[in-house]
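One file, model-v5.txt, carrying compact mmCIF, C-alpha atoms (C1' of nucleotides):
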# COMPACT_ATOMS: atom_id res chain seq x y z
CA MET A 1 58.98 108.67 93.43
CA GLU A 2 60.01 112.19 92.64
CA ALA A 3 62.48 112.73 89.82
CA LEU A 4 65.28 115.18 90.44
CA THR A 5 67.62 117.02 88.09
CA ILE A 6 71.32 117.05 88.82
CA SER A 7 71.15 120.63 90.04
CA GLU A 8 68.27 119.81 92.38
CA VAL A 9 70.26 116.95 93.85
CA ALA A 10 73.30 119.21 94.18
CA ARG A 11 71.29 121.91 95.89
CA ARG A 12 69.65 119.52 98.32
CA ALA A 13 72.88 117.71 99.15
CA GLY A 14 74.85 120.93 99.42
CA ILE A 15 77.42 119.95 96.80
CA ARG A 16 78.23 120.93 93.22
CA THR A 17 76.92 119.25 90.11
CA SER A 18 80.50 118.60 89.07
CA THR A 19 80.99 116.58 92.24
CA ILE A 20 78.02 114.40 91.40
CA ARG A 21 79.37 113.70 87.90
CA TYR A 22 82.78 113.01 89.40
CA TYR A 23 81.30 110.52 91.88
CA GLU A 24 79.53 108.79 89.04
CA SER A 25 82.76 108.65 87.03
CA ILE A 26 84.59 106.90 89.85
CA ASP A 27 81.66 104.60 90.53
CA VAL A 28 80.72 105.91 93.94
CA LEU A 29 77.30 106.85 92.59
CA PRO A 30 75.43 104.59 90.18
CA GLN A 31 74.62 105.71 86.66
CA PRO A 32 71.20 107.33 86.83
CA GLN A 33 68.49 107.17 84.21
CA ARG A 34 68.75 109.63 81.35
CA VAL A 35 66.15 111.63 79.55
CA SER A 36 67.48 113.06 76.33
CA GLY A 37 70.99 112.77 77.67
CA ARG A 38 70.29 114.43 81.01
CA ARG A 39 70.62 112.63 84.30
CA ILE A 40 67.51 112.18 86.39
CA TYR A 41 67.64 111.00 89.96
CA ASP A 42 65.42 109.28 92.43
CA ALA A 43 65.39 110.78 95.94
CA ALA A 44 67.31 107.73 97.24
CA VAL A 45 70.49 109.29 95.87
CA LEU A 46 70.26 111.88 98.65
CA GLU A 47 70.61 109.24 101.33
CA ARG A 48 73.59 107.84 99.55
CA LEU A 49 75.17 111.28 99.29
CA ALA A 50 74.48 111.92 102.98
CA PHE A 51 76.22 108.67 103.83
CA ILE A 52 79.16 109.58 101.63
CA GLN A 53 79.49 112.97 103.28
CA VAL A 54 79.51 111.58 106.78
CA THR A 55 81.90 108.72 106.09
CA GLN A 56 84.22 111.07 104.23
CA LYS A 57 84.35 113.44 107.18
CA LEU A 58 85.30 110.46 109.27
CA GLY A 59 88.32 109.72 107.16
CA PHE A 60 87.07 107.16 104.66
CA SER A 61 88.47 107.64 101.16
CA LEU A 62 86.17 107.58 98.17
CA ASN A 63 87.87 104.35 97.27
CA GLU A 64 86.85 102.76 100.56
CA ILE A 65 83.36 104.15 100.22
CA GLN A 66 83.16 102.64 96.77
CA LEU A 67 84.13 99.30 98.31
CA LEU A 68 81.49 99.68 100.98
CA PHE A 69 78.87 100.09 98.29
CA HIS A 70 80.16 97.63 95.77
CA THR A 71 82.07 94.87 97.51
CA GLN A 72 84.10 93.76 94.51
CA GLU A 73 83.50 90.60 92.55
CA ASP A 74 86.69 88.73 93.36
CA GLN A 75 87.05 85.15 94.60
CA THR A 76 85.73 85.63 98.15
CA PRO A 77 81.95 85.63 98.55
CA LEU A 78 80.33 89.05 98.59
CA SER A 79 78.91 88.65 102.05
CA GLU A 80 82.26 87.74 103.57
CA ARG A 81 84.11 90.65 102.02
CA TRP A 82 81.43 93.09 103.02
CA GLN A 83 81.24 91.79 106.55
CA ALA A 84 85.00 91.89 107.00
CA LEU A 85 85.11 95.44 105.70
CA ALA A 86 82.21 96.51 107.88
CA ASN A 87 83.69 94.90 110.98
CA GLN A 88 87.03 96.52 110.37
CA LYS A 89 85.36 99.88 109.91
CA ILE A 90 83.37 99.48 113.11
CA VAL A 91 86.64 99.06 115.00
CA GLU A 92 88.07 102.11 113.23
CA MET A 93 84.96 104.09 114.14
CA GLU A 94 85.36 103.15 117.78
CA GLY A 95 88.96 104.32 117.74
CA LEU A 96 87.95 107.52 116.04
CA ILE A 97 85.20 108.18 118.57
CA ARG A 98 87.63 107.65 121.42
CA GLN A 99 90.09 110.05 119.83
CA ALA A 100 87.44 112.64 119.09
CA VAL A 101 86.39 112.54 122.71
CA ASP A 102 90.02 112.91 123.77
CA VAL A 103 90.62 115.88 121.51
CA LYS A 104 87.44 117.50 122.74
CA GLU A 105 88.53 117.01 126.35
CA LEU A 106 91.93 118.37 125.45
CA LEU A 107 90.40 121.50 123.97
CA ILE A 108 88.14 121.97 126.97
CA GLU A 109 91.09 121.56 129.30
CA GLY A 110 93.07 123.97 127.13
CA LEU A 111 90.38 126.58 127.64
CA ARG A 112 89.93 125.88 131.33
CA CYS A 113 93.57 126.31 132.30
CA GLY A 114 93.64 129.85 130.93
CA CYS A 115 96.57 129.64 128.53
CA THR A 116 96.42 131.90 125.51
CA ASN A 117 97.34 129.19 123.05
CA LEU A 118 97.82 125.48 122.86
CA PHE A 119 101.54 125.73 122.49
CA ASP A 120 101.81 127.42 125.88
CA CYS A 121 99.78 124.83 127.72
CA MET A 122 100.79 121.61 125.98
CA ASP A 123 102.81 120.58 128.98
CA CYS A 124 100.02 121.04 131.50
CA VAL A 125 97.43 119.25 129.41
CA VAL A 126 98.63 116.79 126.81
CA THR A 127 100.32 114.45 129.25
CA ASN A 128 96.93 113.73 130.81
CA TYR A 129 95.71 112.21 127.57
CA TYR A 130 98.56 110.33 125.98
CA GLU A 131 100.39 107.51 127.73
CA PRO A 132 104.18 107.88 127.87
CA THR A 133 104.41 104.41 126.27
CA HIS A 134 102.68 105.65 123.18
CA LEU A 135 105.19 108.45 122.96
CA MET B 1 115.93 115.71 128.68
CA GLU B 2 116.85 113.18 126.05
CA ALA B 3 117.99 114.45 122.68
CA LEU B 4 116.56 112.76 119.61
CA THR B 5 117.70 112.67 116.01
CA ILE B 6 115.19 113.27 113.26
CA SER B 7 115.07 109.58 112.40
CA GLU B 8 114.48 108.62 116.05
CA VAL B 9 111.58 111.05 116.20
CA ALA B 10 110.24 109.70 112.93
CA ARG B 11 110.51 106.12 114.14
CA ARG B 12 108.82 106.83 117.45
CA ALA B 13 106.06 108.89 115.91
CA GLY B 14 105.52 106.45 113.08
CA ILE B 15 106.10 108.99 110.32
CA ARG B 16 108.85 109.77 107.78
CA THR B 17 111.68 112.19 108.29
CA SER B 18 110.51 114.05 105.21
CA THR B 19 107.20 114.70 106.95
CA ILE B 20 108.96 116.22 109.93
CA ARG B 21 110.96 118.56 107.69
CA TYR B 22 107.78 119.41 105.83
CA TYR B 23 105.96 120.25 109.07
CA GLU B 24 108.82 122.47 110.08
CA SER B 25 108.76 124.22 106.70
CA ILE B 26 105.08 125.08 107.08
CA ASP B 27 105.52 126.12 110.70
CA VAL B 28 103.52 123.33 112.29
CA LEU B 29 106.64 122.21 114.15
CA PRO B 30 109.09 124.73 115.64
CA GLN B 31 112.66 124.93 114.40
CA PRO B 32 114.68 122.59 116.58
CA GLN B 33 118.23 123.12 117.80
CA ARG B 34 120.99 122.17 115.39
CA VAL B 35 124.28 120.46 115.95
CA SER B 36 126.55 120.80 112.96
CA GLY B 37 123.55 121.40 110.76
CA ARG B 38 121.57 118.41 112.01
CA ARG B 39 118.28 118.78 113.84
CA ILE B 40 118.09 117.56 117.41
CA TYR B 41 114.81 117.23 119.24
CA ASP B 42 113.55 117.20 122.76
CA ALA B 43 111.01 114.45 123.57
CA ALA B 44 108.26 117.10 123.80
CA VAL B 45 108.06 117.07 120.01
CA LEU B 46 106.50 113.61 120.26
CA GLU B 47 103.52 114.94 122.15
CA ARG B 48 103.10 117.60 119.57
CA LEU B 49 103.27 115.08 116.75
CA ALA B 50 100.75 112.85 118.55
CA PHE B 51 98.40 115.78 118.82
CA ILE B 52 98.88 116.60 115.14
CA GLN B 53 98.12 113.04 114.14
CA VAL B 54 94.92 112.84 116.13
CA THR B 55 93.58 116.22 115.09
CA GLN B 56 94.43 115.47 111.48
CA LYS B 57 92.50 112.23 111.58
CA LEU B 58 89.60 114.23 112.87
CA GLY B 59 89.58 116.50 109.86
CA PHE B 60 91.69 119.44 110.95
CA SER B 61 93.93 120.80 108.20
CA LEU B 62 97.59 121.49 108.90
CA ASN B 63 96.69 125.11 108.48
CA GLU B 64 94.16 124.93 111.29
CA ILE B 65 96.58 122.98 113.44
CA GLN B 66 99.17 125.66 112.85
CA LEU B 67 96.62 128.23 114.05
CA LEU B 68 95.90 126.16 117.15
CA PHE B 69 99.58 126.23 118.01
CA HIS B 70 100.41 129.74 116.97
CA THR B 71 97.34 131.93 117.23
CA GLN B 72 98.43 134.63 114.83
CA GLU B 73 99.57 138.05 115.88
CA ASP B 74 96.78 140.13 114.36
CA GLN B 75 94.71 142.80 116.05
CA THR B 76 92.61 140.58 118.32
CA PRO B 77 94.24 139.48 121.59
CA LEU B 78 95.87 136.04 121.53
CA SER B 79 93.64 134.62 124.22
CA GLU B 80 90.44 135.64 122.43
CA ARG B 81 91.47 134.17 119.09
CA TRP B 82 92.59 130.93 120.67
CA GLN B 83 89.47 130.60 122.77
CA ALA B 84 87.18 131.27 119.83
CA LEU B 85 89.01 128.69 117.74
CA ALA B 86 88.96 126.16 120.54
CA ASN B 87 85.26 126.69 121.22
CA GLN B 88 84.43 126.32 117.57
CA LYS B 89 86.46 123.14 117.36
CA ILE B 90 84.74 121.71 120.43
CA VAL B 91 81.41 122.12 118.67
CA GLU B 92 82.84 120.50 115.54
CA MET B 93 84.18 117.62 117.64
CA GLU B 94 80.75 117.06 119.14
CA GLY B 95 79.18 116.93 115.69
CA LEU B 96 81.87 114.55 114.53
CA ILE B 97 81.38 112.27 117.51
CA ARG B 98 77.65 112.17 116.88
CA GLN B 99 78.27 111.29 113.25
CA ALA B 100 80.86 108.67 114.07
CA VAL B 101 78.40 107.02 116.41
CA ASP B 102 75.74 107.12 113.68
CA VAL B 103 78.06 105.59 111.09
CA LYS B 104 79.05 102.88 113.52
CA GLU B 105 75.41 102.09 114.24
CA LEU B 106 74.75 102.06 110.52
CA LEU B 107 77.52 99.56 109.93
CA ILE B 108 76.34 97.36 112.79
CA GLU B 109 72.83 97.45 111.44
CA GLY B 110 74.18 96.71 107.98
CA LEU B 111 75.80 93.56 109.33
CA ARG B 112 72.81 92.54 111.41
CA CYS B 113 70.30 92.57 108.58
CA GLY B 114 72.32 90.07 106.57
CA CYS B 115 72.71 91.91 103.27
CA THR B 116 75.85 91.22 101.27
CA ASN B 117 76.70 94.88 100.72
CA LEU B 118 75.66 98.30 101.85
CA PHE B 119 74.08 99.16 98.54
CA ASP B 120 71.61 96.30 98.90
CA CYS B 121 70.50 97.27 102.37
CA MET B 122 70.61 101.06 102.25
CA ASP B 123 66.83 101.18 102.15
CA CYS B 124 66.30 99.04 105.21
CA VAL B 125 68.89 100.85 107.27
CA VAL B 126 69.68 104.41 106.30
CA THR B 127 66.17 105.70 106.82
CA ASN B 128 66.47 104.87 110.51
CA TYR B 129 69.37 107.27 110.87
CA TYR B 130 68.63 110.24 108.66
CA GLU B 131 65.47 112.30 109.04
CA PRO B 132 63.56 112.97 105.82
CA THR B 133 63.82 116.67 106.68
CA HIS B 134 67.58 116.50 106.45
CA LEU B 135 67.25 115.00 103.00
C1' DC C 1 142.29 108.24 104.85
C1' DT C 2 138.48 106.53 102.98
C1' DA C 3 134.00 104.74 103.26
C1' DC C 4 129.61 104.99 104.89
C1' DA C 5 125.35 106.02 107.04
C1' DA C 6 122.65 109.60 108.21
C1' DG C 7 121.91 113.96 107.78
C1' DT C 8 121.13 118.47 104.77
C1' DT C 9 118.56 121.67 100.93
C1' DC C 10 115.69 122.59 97.16
C1' DA C 11 112.85 121.62 93.25
C1' DA C 12 109.82 118.67 91.22
C1' DG C 13 106.64 114.81 91.37
C1' DT C 14 102.45 112.28 93.35
C1' DT C 15 97.80 111.30 95.08
C1' DG C 16 93.08 112.15 96.20
C1' DA C 17 89.30 114.88 95.56
C1' DC C 18 87.50 117.86 93.13
C1' DT C 19 86.91 122.28 89.94
C1' DT C 20 87.20 124.80 85.78
C1' DG C 21 86.89 125.73 80.92
C1' DA C 22 85.83 125.01 76.28
C1' DA C 23 82.75 123.39 73.08
C1' DG C 24 78.63 121.37 72.12
C1' DT C 25 73.30 119.62 72.87
C1' DC C 26 68.58 120.19 73.87
C1' DA C 27 63.71 121.74 75.07
C1' DA C 28 61.00 125.68 76.29
C1' DG C 29 59.70 130.46 75.69
C1' DT C 30 59.18 134.71 72.79
C1' DA D 1 63.69 130.79 64.15
C1' DC D 2 66.34 132.10 67.80
C1' DT D 3 67.83 132.86 72.28
C1' DT D 4 68.32 131.20 76.88
C1' DG D 5 69.55 128.23 80.53
C1' DA D 6 70.45 124.01 82.11
C1' DC D 7 72.48 120.35 80.79
C1' DT D 8 76.41 117.29 78.34
C1' DT D 9 81.62 115.51 77.69
C1' DC D 10 86.42 115.60 78.18
C1' DA D 11 90.89 117.40 79.25
C1' DA D 12 93.37 120.12 82.11
C1' DG D 13 93.96 122.71 86.35
C1' DT D 14 94.07 123.18 91.56
C1' DC D 15 95.02 122.35 96.42
C1' DA D 16 96.66 119.95 100.47
C1' DA D 17 99.80 116.95 102.19
C1' DC D 18 103.36 114.69 101.43
C1' DT D 19 107.26 112.01 98.81
C1' DT D 20 111.12 111.55 95.86
C1' DG D 21 115.47 112.61 93.77
C1' DA D 22 119.72 114.84 93.06
C1' DA D 23 123.57 116.90 94.86
C1' DC D 24 126.02 117.87 98.87
C1' DT D 25 127.97 117.76 104.07
C1' DT D 26 129.43 115.58 108.29
C1' DG D 27 130.85 112.59 112.29
C1' DT D 28 132.19 107.86 113.24
C1' DA D 29 134.19 103.22 112.17
C1' DG D 30 137.63 100.40 109.88
What's the structure tokens form of this structure?
Amino acid sequence: MEALTISEVARRAGIRTSTIRYYESIDVLPQPQRVSGRRIYDAAVLERLAFIQVTQKLGFSLNEIQLLFHTQEDQTPLSERWQALANQKIVEMEGLIRQAVDVKELLIEGLRCGCTNLFDCMDCVVTNYYEPTHL
Amino acid sequence: MEALTISEVARRAGIRTSTIRYYESIDVLPQPQRVSGRRIYDAAVLERLAFIQVTQKLGFSLNEIQLLFHTQEDQTPLSERWQALANQKIVEMEGLIRQAVDVKELLIEGLRCGCTNLFDCMDCVVTNYYEPTHL
DNA sequence: CTACAAGTTCAAGTTGACTTGAAGTCAAGT
DNA sequence: ACTTGACTTCAAGTCAACTTGAACTTGTAG
């Protein structure tokens, strides 16, 4: 496996070195090997960072991400906690996907109807996407 | 139209009154009518709040949301600025939807393969979803 | 008339996710 | 031997998005 310096990892993941150290400090990234005090990484860290980036964009907190990776050592068996968390997140993802599709449709509609801003055309658009009950 | 107090709006939108005042202060909500100093709202504010909630969950900042509503009065025509912003956001939405689907698949796969946490099964799963080139 | 709940403003505090700065370490090159 | 550049730690700072608290006003109910 190729060994990477912290700045190489940062460059490849498109983040700062300070972010990597921060993630390590809050236990979202594992402690890497050290050579004379310096961190050296295995390329696998890039997959983990990619996962973190995506899940973050989707509204997971670093705390939740940490749980996804670690699944704390409390009374309930690891597998149960992890599966519950994963199942819950799958449902959240589905909701998010539905909403993202709605917002996209809303934006497309907002362009189509020719208004110059969203404020002007809220009335002619929004009502198509949100039930009155929800409001 | 029905007139709503700030606490009615808060209750129906599932947020705090302080949030409503905050939104008004940063110009994400318009200044409502006042009756003896107290804010009174038209039900339309609920649609606007629903839109804010969804777009926020999808990673829009309040600043961006404010732009979506207002489309600043700079040199470029209103319609052009709004359309550019909307088009850009549609592309972002599509990316987000793709990613949400990927994360969902990843979670499903993570459950299917029987590992007790994501850390343990990153290797057997993640590689299916992220190209080596991207890493 | 007084009490009270619900409203008001404004300044300061909080939380999450980082970033920045100061001060020091370390190996490689000249 | 010394400089350079990339690293290290740790504390403090920043930014967005709210929340909280203190001090005050106002219409309605008893």
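Going from atom CA of Ile90 of chain A to atom CA of Lys57 of chain B covers 15.8 Å.
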### Task
When you get a sec, could you note down which chain D residues fall within 9 Å of chain B, using all atoms listed in the file, as a VMD selection string?
chain D and resid 16 to 19 25 to 26
Where's the centre, and what are the edge lengths in Å to one decimal, of a box along x, y and z enclosing all listed atoms of segment 87-102 of chain A padded 8 Å per side, as JSON?
{"center_x": 86.7, "center_y": 103.9, "center_z": 116.8, "size_x": 22.7, "size_y": 34.0, "size_z": 29.9}
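Proximity ranking of A:Gln99, A:Gln66, A:Thr55, A:Ser7 relative to Asp27 of chain A places A:Gln66 first, based on only C-alpha atoms.
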### Task
Could you check how far atom CA of Ala100 of chain A sits from atom CA of Ile52 of chain B, in Å to one decimal?
12.7 Å
